[in-house]
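Worksheet: the structure to be examined is printed underneath.
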Amino acid sequence: PLTQFLKKDVAYEPGNKAHEAFGQLKEALVSSPVLKNPDWSKPFIVYTDASDAALGSTLSQKDENGNEHPIYFGSRQMSSAE
């Protein structure tokens, strides 16, 4: 819902789905998982997902305890031509 605000002349209305999504985004940005710096000596793990409307990806690595930590999150909404 947040990508709709990238369009011209779209009004922000508290209480709608975009307002809820913005709150969830703020919470996610201040809580775990925190992005880690890459360790170039360790292997990377790549996750991808795609639909007719969007693409998403995550780049992560495992720490010395085997816990996976994100390094990068990427996403993009597809255009009508794509």
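Following the order of the structure tokens, first chain is A, next is B, and so on, with residues numbered from 1 inside each chain and ligands from 1 in the order they appear.
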Notebook entry, point to check: Can you list every residue in chain A that DSSP puts in alpha helix (DSSP H), as JSON, numbers by chain?
Noted result: {"A": [17, 18, 19, 20, 21, 22, 23, 24, 25, 26, 27, 28, 29]}
Next item on the list: Step one, run DSSP on the backbone; step two, keep only residues of segment 6-77 of chain A assigned to strand (DSSP E or B); then write them as a count of residues only.
Entry: 25
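Closest approach to His69 of chain A among A:Asp39, A:Glu20, A:Glu27, A:Asp9: A:Asp39, based on only C-alpha atoms.
Proximity of A:Ser80, A:Gly15, A:Gly23, A:Asn37 to Asp63 of chain A, computed with only C-alpha atoms, is greatest for A:Asn37.
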Notebook entry, point to check: In Å, with one decimal, what is the gap from atom CA of Gln61 of chain A to atom CA of Lys26 of chain A?
Noted result: 24.1 Å
Quick one: residues within 12 Å of Gln24 of chain A, only C-alpha atoms, excluding same-chain residues fewer than 6 positions away - as an mmCIF file with C-alpha atoms, in the first residue's frame?
data_model
loop_
_atom_site.group_PDB
_atom_site.id
_atom_site.type_symbol
_atom_site.label_atom_id
_atom_site.label_comp_id
_atom_site.auth_asym_id
_atom_site.auth_seq_id
_atom_site.Cartn_x
_atom_site.Cartn_y
_atom_site.Cartn_z
ATOM 1 C CA PRO A 1 0.000 0.000 0.000
ATOM 2 C CA LEU A 2 2.886 2.440 0.596
ATOM 3 C CA LYS A 17 -4.206 0.189 5.026
ATOM 4 C CA ALA A 18 -1.355 2.507 4.051
ATOM 5 C CA VAL A 30 13.758 -0.178 14.759
ATOM 6 C CA SER A 31 13.608 -3.869 15.695
#
Next item on the list: Quote the spacing between atom CA of Ser75 of chain A and atom CA of Ala11 of chain A in Å to one decimal place.
Entry: 23.4 Å
Next item on the list: Write out as a VMD selection string which residues come within 6 Å of Pro70 of chain A when counting only C-alpha atoms, dropping same-chain ones fewer than 2 positions away.
Entry: chain A and resid 35 59 to 60 72
Write a file of the just-selected residues containing C-alpha atoms, as a PDB file, in the first residue's frame.
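Written file, selection-v7.pdb:
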ATOM      1  CA  LEU A  35      21.387  -5.372   9.014  1.00  0.00           C
ATOM      2  CA  LEU A  59      21.052 -11.234   0.960  1.00  0.00           C
ATOM      3  CA  SER A  60      22.220 -12.803   4.219  1.00  0.00           C
ATOM      4  CA  TYR A  72      20.508  -6.385   2.336  1.00  0.00           C
TER       5      TYR A  72
END
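Considering only C-alpha atoms, the residue among A:Met78, A:Ile71, A:Ala21, A:Val10 positioned nearest to Ala50 of chain A is A:Met78.
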Next item on the list: One decimal, Å: what's the distance from atom CA of Tyr47 of chain A over to atom CA of His19 of chain A, could you say?
Entry: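 Taking atom CA of Tyr47 of chain A as the start and atom CA of His19 of chain A as the end point, the length is 27.9 Å.
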Check: When distances are computed from only C-alpha atoms, which of A:Lys36, A:Lys7, A:Lys62, A:Arg76 shows the smallest separation from Thr48 of chain A?
Finding: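 Using only C-alpha atoms, the shortest distance to Thr48 of chain A belongs to A:Arg76.
Nearest residue to Phe73 of chain A among A:Val34, A:Ser51, A:Tyr12, A:Lys42 is A:Val34, counting only C-alpha atoms.
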